[in-house]
Amino acid sequence: MAGSPIVDPGAERLSRSGPRIAPPGLLRLDPILLLAVLGLGACSLVAIDATTEATLASRQGAFFGIGLAVALLVSQVDYSRLRELKYGVYGLMVALILAVIALGGVTRGSRRAIDAGPVELQTSELGKVLLCLALAAFLVDRSRRLNERDTTARAMLMALFPTALVMIQPDLGSALVYVVIALAALFCAGTSWRHFAGLFALSAAAIAIALVGAPKLGVEVLHDYQADRLTSFLHPSDDPGDAGYQQKQSVIAIGSGERTGRGEEATQTTLKFLPEEHTDFIFAVVGERWGFIGAALVLSLYALLIWRALRILTLAKNLYGAVIAGGIVAMILFQVFVNVGMNVGIMPITGIPLPLLSYGGSSVLTTLLAVGLLQSIHVQARASRKGIRT
Amino acid sequence: MNVDDRRPPITPQLAVRVAILGGVALTLFAVVFFRLWFLQVLSGEQYLVEARENRTRAVRIQAPRGEIVDRNGTLLVSNRQAVVVQLEPQALPDAEIVAAARWGQAMTRRSKRPKGKKGPPAAIPPIPTAELRQRFRRLGRVLGMRPATIQRRAIEQLAVVPYSAVRVRSDVPRAVMSYLKERKERFPGVDVDRVYLRSYPRDTLAAQLLGYVGEISPDELKERRNRKVNPGTIIGKLGIERTYDRYLRGRDGAKVLRVDANGRFSSDRPVRRREPIPGRQLQLSLDLGLQEAGQDAMNAVAGGLPGAFVAMNPVNGEVYAMGSMPTFDPSVFAKPISQAKWAELTAGEGRPLLNRAVAGAYAAGSTFKPITSLAALDAGVITPGQVVEDTGCIKVGDRMKCNAGKVANGGVDLRRALEVSSDVYYYLAGIELFEVGDERLQRWAKALGLGRRTGVDLPEEARGLIPGKRWRAWMNRQERRCRPTNQGRACYVIDIRPYNLGDNANLAVGQGEVGISPLQMAVAYSAIATGGRVPRPHLGLEVQDATGAVVQKIQPGPARKVKIDPAHRDAILDGLARAAQAPSGTSTPVFEGWPHERLPVYGKTGTAQTASGIDQSWYVAYVPHETKPIVIAATVERGGWGADRAAPITCRMLREWFRVGAPCQGGGSNTF
């Protein structure tokens with residue numbers, strides 16, 4: 001392996017345009033990552049078809065088709081060019097979130113989506129990837145000044161501004177994802193441990209104020225129902241009106257699946273004991289219908305996906321790619337853990353969808369866009385290595 | 001791209017951090033895996049038991065529907081409590097529930113296929129277990145039903161709402177109720193409940209107009225107006241019940257009860273409870289006395305022939321009475337209705353469900369002549385005083401057209417033409433209007449409310465038809481397209497030709513393809529009587545609470561304005577007065593002894609020729625009055641001359657309305 005630290009900057013450019021290296025782009029994709037994504041897509045369609053909202057499976061299939069096409073397109077573009085567009089990317093993200101606040105329709109008390117004809121655009125989803133791109137660009141620009149407190153502070157402010165906007169909608173789940181993406185980006189860029197310690201202390205203080213101090217002063221940071229949901233997993237309830245009820249039903253559904261699932265006998269998820277079973281509680285559907293085997297298969301596919309994403313992180317041809325990959329890994333990992341954790345009753349109800357599995361165009365498209373970026377990082381890494389070798 | 005942007009494949013620092021990230025991922029996955037293992041493998045059995053037991057059931061608490069009263073507050077539609085027999089879904093085997101869900105999915109898939117390729121509806125699955133068949137058989141014996149019928153009801157209802165009780169039979173006798181209650185253990189899962197059913201203290205009175213109610217159908221659930229309605233709700237399906245469903249319906253309450261695997265309530269205390277909100281009371285502009293008089297007159301005079309009548313206030317559009325014959329007993333809809341009964345109500349000769357007063361589209365015969373008069377006067381082809389020689393027949397194109405009985409009326413002016421109903425006079429007007437060429441007659445008819453919806457608050461109103469050049473051209477296009485697919489035979493019209501002079505002459509006397517409902521005629525006469533205000537007829541007056549206090553006044557929308565020359569109006573009304581009052585007026589004999597000096601009747605007979613060969617009887621009358629002016633339009637299919645059937649019916653209604661003691665002549669005879 002030609003690992004010389006200083007390389008002729010022309011080599012890469014040459015390799016990209018030179019006629020010598022022209023294996024078709026598709027071959028340079030990470031096949032295992034592709035396989036994991038296709039497998040999850042298939043699981044999603046089968047699971048949605050098993051719910052009471054079976055008719056939505058074909059729509060979900062269409063979302064996957066579009067998403068995969070977008071991902072393929074993105075994978076063939078050099079992501080490094082996006083670095084120059086960081087202001088545009090950031091501006092677009094903020095504009096999209098503001099657009100929802102201004103134009104969005106209200107579903108169940110929150111304004112999360114713009115009604116665009118047949119589909120609802122949930123722009124806070126797309127914002128996750130955009131934030132990842134913008135933060136990575138910012139951090140790479142300042143890669144020599146990462147030790148400065150100023151860099152960390154600015155990066156966090158960049159992330160907290162859209163986070164606050166999303167909180168207004170109110171979409172607590174997405175807000176948390178934004179924060180996690182920012183932390184992961186800082187982490188992968190190489191921010192010093194001292195800064196993380198400081199951030200931890202600050203956030204602990206902020207949470208204390210939000211949960212204890214502010215209500216006493218009459219300022220509500222969290223809506224009652226949000227606080228209710230966040231704590232409900234600690235005390236499951238029998239009252240269908242309570243937040244804890246859903247979670248209890250979800251746990252019963254998954255538990256009753258036993259090793260191999262109840263198949264057609266499934267009642268919990270087919271008889272409307274669980275609301276939103278095709279979106280937030282899709283994992284419970286898998287768990288009840290196909291048991292431990294099904295649930296473990298889905299989790300393994302996610303593990304595969306995360307493993308490949310981490311591998312791509314290490315292969316990335318530049319720091320920008322590595323930071324993007326880090327952000328995406330954190331985004332997917334966090335959402336999977338929180339959603340599955342919510343389904344199995346060890347995490348609070350936050351309304352975070354299960355990436356690629358939950359029904360919903362915005363979530364599917366966003367995740368596939370992220371996968372497309374990962375593939376692009378992979379393609380570029382392989383291309384530049386070949387370039388070095390020749 | 002600068003140099004430090006490119007870095008060696010991986011720095012030691014990044015390697016450490018990726019390792020940490022990987023470690024975190026591994027930990028999180030491990031946590032979830034262990035939790036899953038614990039839930040599904042170690043304690044799965046216990047959760048499976050819980051899932052089987054865990055069945056709450058939402059029990060609907062039916063909200064009583066609002067009552068409907070007439071303009072004087074007399075009850076037209078109310079509610080009564082009835083006993084229904086239901087099956088608890090919890091006591092049915094899982095296989096039955098699953099079969100119902102599968103059947104529902106199959107029906108959904110079928111409904112999504114394009115028309116014509118739907119294929120046959122999915123067959124009702126057989127009763128899954130012998131034990132259940134035995135139960136259905138036992139219950140069927142008590143209720144007088146076949147087990148297959150019970151199975152069909154169960155599957156159909158479970159497919160829509162899986163965990164709600166299945167209604168097997170409504171309105172069972174009290175004896176059956178006590179029989180079932182006393183032998184509960186012999187009828188597991190059978191529940192006897194009380195529900196509200198619609199009751200009709202006046203039986204068949206205004207049946208089509210009031211409409212009926214029933215459980216919302218899957219198709220209706222998709223309608224925009226029913227966005228917030230839950231499956232299983234009783235909604236208005238027709239007539240006033242449908243139009244004002246939003247107010248009448250109220251809101252069902254619910255209680256959520258916990259039941260165990262055997263379908264028994266594990267506690268009486270509901271987990272949740274929401275109280276029902278009763279529906280609002282609705283007051284109609286209908287006058288019960290006049291309505292009854294109308295239906296009685298219809299029965300007495302027309303003796304079972306199909307027909308309809310409308311009485312309304314020409315100034316504000318309030319409908320005082322509206323009836324259609326034959327009628328039906330709306331209480332048949334209280335129970336699930338059989339296919340045969342439904343076919344009898346909707347198809348066949350009489351079609352009792354059809355509200356002919358608004359959905360009938362008839363040739364109106366001579367009652368159309370005032371409209372022709374207005375158009376001809378407006379076009380200047382006639383003047384009120386101009387005299388035309390009526391020799392009994394006239395050549396229209398190359399055809400001879402004659403008055404009824406070829407009577408020669410001699411010299412007639414407009415007033416006289418209306419008085420004796422001279423066809424020749426109006427054929428001539430129709431020919432001349434055709435020659436003016438700007439569809440003046442059609443435009444006037446439309447302006448007065450014919451060939452368009454009147455906007456009455458009934459869902460089933462028909463638009464009717466005023467034929468003209470554009471309509472004919474459209475028909476020709478349809479015919480050209482259709483005929484090749486029909487083996488060259490005629491689909492809609494026999495000959496493809498432009499709208500011609502003969503058509504217009506026919507229209508001038510209310511004949512031909514023209515389609516007019518009694519309500520439209522009443523509106524048109526109202527417009528002429530009031531000198532150009534086309535009222536919007538309406539039945540709903542007020543939404544009231546249970547005590548009768550006004551919650552909301554129903555605003556029918558403003559009257560449309562048409563410009564009518566007062567001189568033209570006066571001449572036409574003059575003619576109409578003479579038709580009902582002058583010695584040679586067409587309906588004068590009917591009103592013999594009527595106090596015309598106090599209550600002048602302006603009336604026009606109509607005798608429409610129909611495809612059946614037997615004439616249709618029409619009459620439209622207007623009586624001005626300070627406080628209760630009225631326009632009545634009545635028609636009897638196959639009823640013969642206007643003065644034979646429709647005029648006596650109108651007369652009897654007027655007699656009731658103004659409390660006049662005068663007798664109404666005619667109507668007893670059977671001569672056509």
# chains A, B, ... in the order shown; residues from 1 in each chain; ligands from 1
call {"tool": "residues_around", "arguments": {"residues": "Asp78 in chain A", "least_positions_apart": "5", "cutoff": "12 Å", "atoms": "only C-alpha atoms", "output": "mmCIF file with N, CA and C atoms, in the first residue's frame"}}
result
data_model
loop_
_atom_site.group_PDB
_atom_site.id
_atom_site.type_symbol
_atom_site.label_atom_id
_atom_site.label_comp_id
_atom_site.auth_asym_id
_atom_site.auth_seq_id
_atom_site.Cartn_x
_atom_site.Cartn_y
_atom_site.Cartn_z
ATOM 1 N N GLU A 12 -4.199 12.769 -7.892
ATOM 2 C CA GLU A 12 -5.608 12.428 -7.749
ATOM 3 C C GLU A 12 -6.416 12.939 -8.934
ATOM 4 N N ARG A 13 -6.120 14.216 -9.285
ATOM 5 C CA ARG A 13 -6.858 14.804 -10.390
ATOM 6 C C ARG A 13 -6.636 13.982 -11.641
ATOM 7 N N ARG A 16 -8.574 10.857 -11.614
ATOM 8 C CA ARG A 16 -10.006 10.972 -11.770
ATOM 9 C C ARG A 16 -10.384 11.127 -13.233
ATOM 10 N N GLY A 25 -18.259 3.052 -12.308
ATOM 11 C CA GLY A 25 -18.445 3.545 -10.935
ATOM 12 C C GLY A 25 -19.168 2.550 -10.060
ATOM 13 N N LEU A 73 -26.882 8.237 -7.779
ATOM 14 C CA LEU A 73 -26.430 9.485 -8.400
ATOM 15 C C LEU A 73 -25.380 10.154 -7.527
ATOM 16 N N ARG A 83 -17.823 20.755 -0.203
ATOM 17 C CA ARG A 83 -17.156 21.569 0.821
ATOM 18 C C ARG A 83 -17.252 23.040 0.485
ATOM 19 N N GLU A 84 -17.110 23.330 -0.797
ATOM 20 C CA GLU A 84 -17.144 24.734 -1.200
ATOM 21 C C GLU A 84 -18.540 25.325 -1.009
ATOM 22 N N ALA A 316 -11.602 6.930 4.068
ATOM 23 C CA ALA A 316 -11.873 8.192 3.378
ATOM 24 C C ALA A 316 -10.579 8.859 2.925
ATOM 25 N N LYS A 317 -10.622 9.476 1.727
ATOM 26 C CA LYS A 317 -9.394 10.017 1.160
ATOM 27 C C LYS A 317 -9.013 11.330 1.827
ATOM 28 N N ASN A 318 -9.948 11.980 2.517
ATOM 29 C CA ASN A 318 -9.593 13.226 3.194
ATOM 30 C C ASN A 318 -10.402 13.362 4.483
ATOM 31 N N TYR A 320 -12.456 15.605 5.361
ATOM 32 C CA TYR A 320 -13.844 15.989 5.120
ATOM 33 C C TYR A 320 -14.731 14.743 5.024
ATOM 34 N N GLY A 321 -14.250 13.780 4.220
ATOM 35 C CA GLY A 321 -15.012 12.544 4.079
ATOM 36 C C GLY A 321 -15.141 11.812 5.390
ATOM 37 N N GLY A 372 -25.882 7.214 0.104
ATOM 38 C CA GLY A 372 -25.255 7.638 -1.141
ATOM 39 C C GLY A 372 -23.952 8.381 -0.878
ATOM 40 N N LEU A 373 -23.960 9.233 0.148
ATOM 41 C CA LEU A 373 -22.735 9.965 0.504
ATOM 42 C C LEU A 373 -21.640 8.997 0.953
ATOM 43 N N LEU A 374 -22.046 8.011 1.772
ATOM 44 C CA LEU A 374 -21.068 7.018 2.224
ATOM 45 C C LEU A 374 -20.448 6.313 1.017
ATOM 46 N N GLN A 375 -21.297 5.946 0.060
ATOM 47 C CA GLN A 375 -20.802 5.263 -1.132
ATOM 48 C C GLN A 375 -19.880 6.179 -1.918
ATOM 49 N N SER A 376 -20.225 7.442 -1.970
ATOM 50 C CA SER A 376 -19.369 8.393 -2.686
ATOM 51 C C SER A 376 -17.992 8.451 -2.029
ATOM 52 N N ILE A 377 -17.975 8.476 -0.690
ATOM 53 C CA ILE A 377 -16.701 8.504 0.033
ATOM 54 C C ILE A 377 -15.906 7.234 -0.307
ATOM 55 N N HIS A 378 -16.621 6.129 -0.377
ATOM 56 C CA HIS A 378 -15.983 4.859 -0.710
ATOM 57 C C HIS A 378 -15.420 4.879 -2.126
ATOM 58 N N VAL A 379 -16.237 5.341 -3.056
ATOM 59 C CA VAL A 379 -15.806 5.396 -4.459
ATOM 60 C C VAL A 379 -14.568 6.273 -4.584
ATOM 61 N N GLN A 380 -14.601 7.454 -3.964
ATOM 62 C CA GLN A 380 -13.473 8.383 -4.056
ATOM 63 C C GLN A 380 -12.224 7.793 -3.414
ATOM 64 N N ALA A 381 -12.408 7.096 -2.287
ATOM 65 C CA ALA A 381 -11.263 6.507 -1.607
ATOM 66 C C ALA A 381 -10.598 5.489 -2.514
ATOM 67 N N ARG A 382 -11.385 4.654 -3.131
ATOM 68 C CA ARG A 382 -10.807 3.629 -3.993
ATOM 69 C C ARG A 382 -10.157 4.253 -5.205
ATOM 70 N N ALA A 383 -10.789 5.276 -5.757
ATOM 71 C CA ALA A 383 -10.228 5.916 -6.931
ATOM 72 C C ALA A 383 -8.877 6.537 -6.602
ATOM 73 N N SER A 384 -8.807 7.226 -5.454
ATOM 74 C CA SER A 384 -7.560 7.922 -5.131
ATOM 75 C C SER A 384 -6.470 6.908 -4.812
#
call {"tool": "residues_around", "arguments": {"residues": "Val623 in chain B", "least_positions_apart": "3", "cutoff": "10 Å", "atoms": "only C-alpha atoms", "output": "MDAnalysis selection string"}}
result
chainID B and resid 313:314 529 577 596 599:603 628:632 654 658
call {"tool": "select_by_dssp", "arguments": {"residues": "range 54-155 of chain A", "states": "strand (DSSP E)", "output": "number ranges by chain"}}
result
A: 105-107, 110-116, 119-121
call {"tool": "closest_residue", "arguments": {"among": "B:Gly22, B:Pro467, B:Gly593, B:Gly502", "to": "Tyr427 in chain B", "atoms": "only C-alpha atoms"}}
result
B:Gly502
call {"tool": "residues_around", "arguments": {"residues": "range 543-556 of chain B", "least_positions_apart": "6", "cutoff": "6 Å", "atoms": "only C-alpha atoms", "output": "PyMOL selection string"}}
result
chain B and resi 280-282
call {"tool": "write_last_selection", "arguments": {"atoms": "C-alpha atoms", "output": "PDB file, in the first residue's frame"}}
result
ATOM      1  CA  ARG B 280     -79.410  18.722  17.433  1.00  0.00           C
ATOM      2  CA  GLN B 281     -83.083  19.101  16.696  1.00  0.00           C
ATOM      3  CA  LEU B 282     -83.928  20.309  13.202  1.00  0.00           C
TER       4      LEU B 282
END
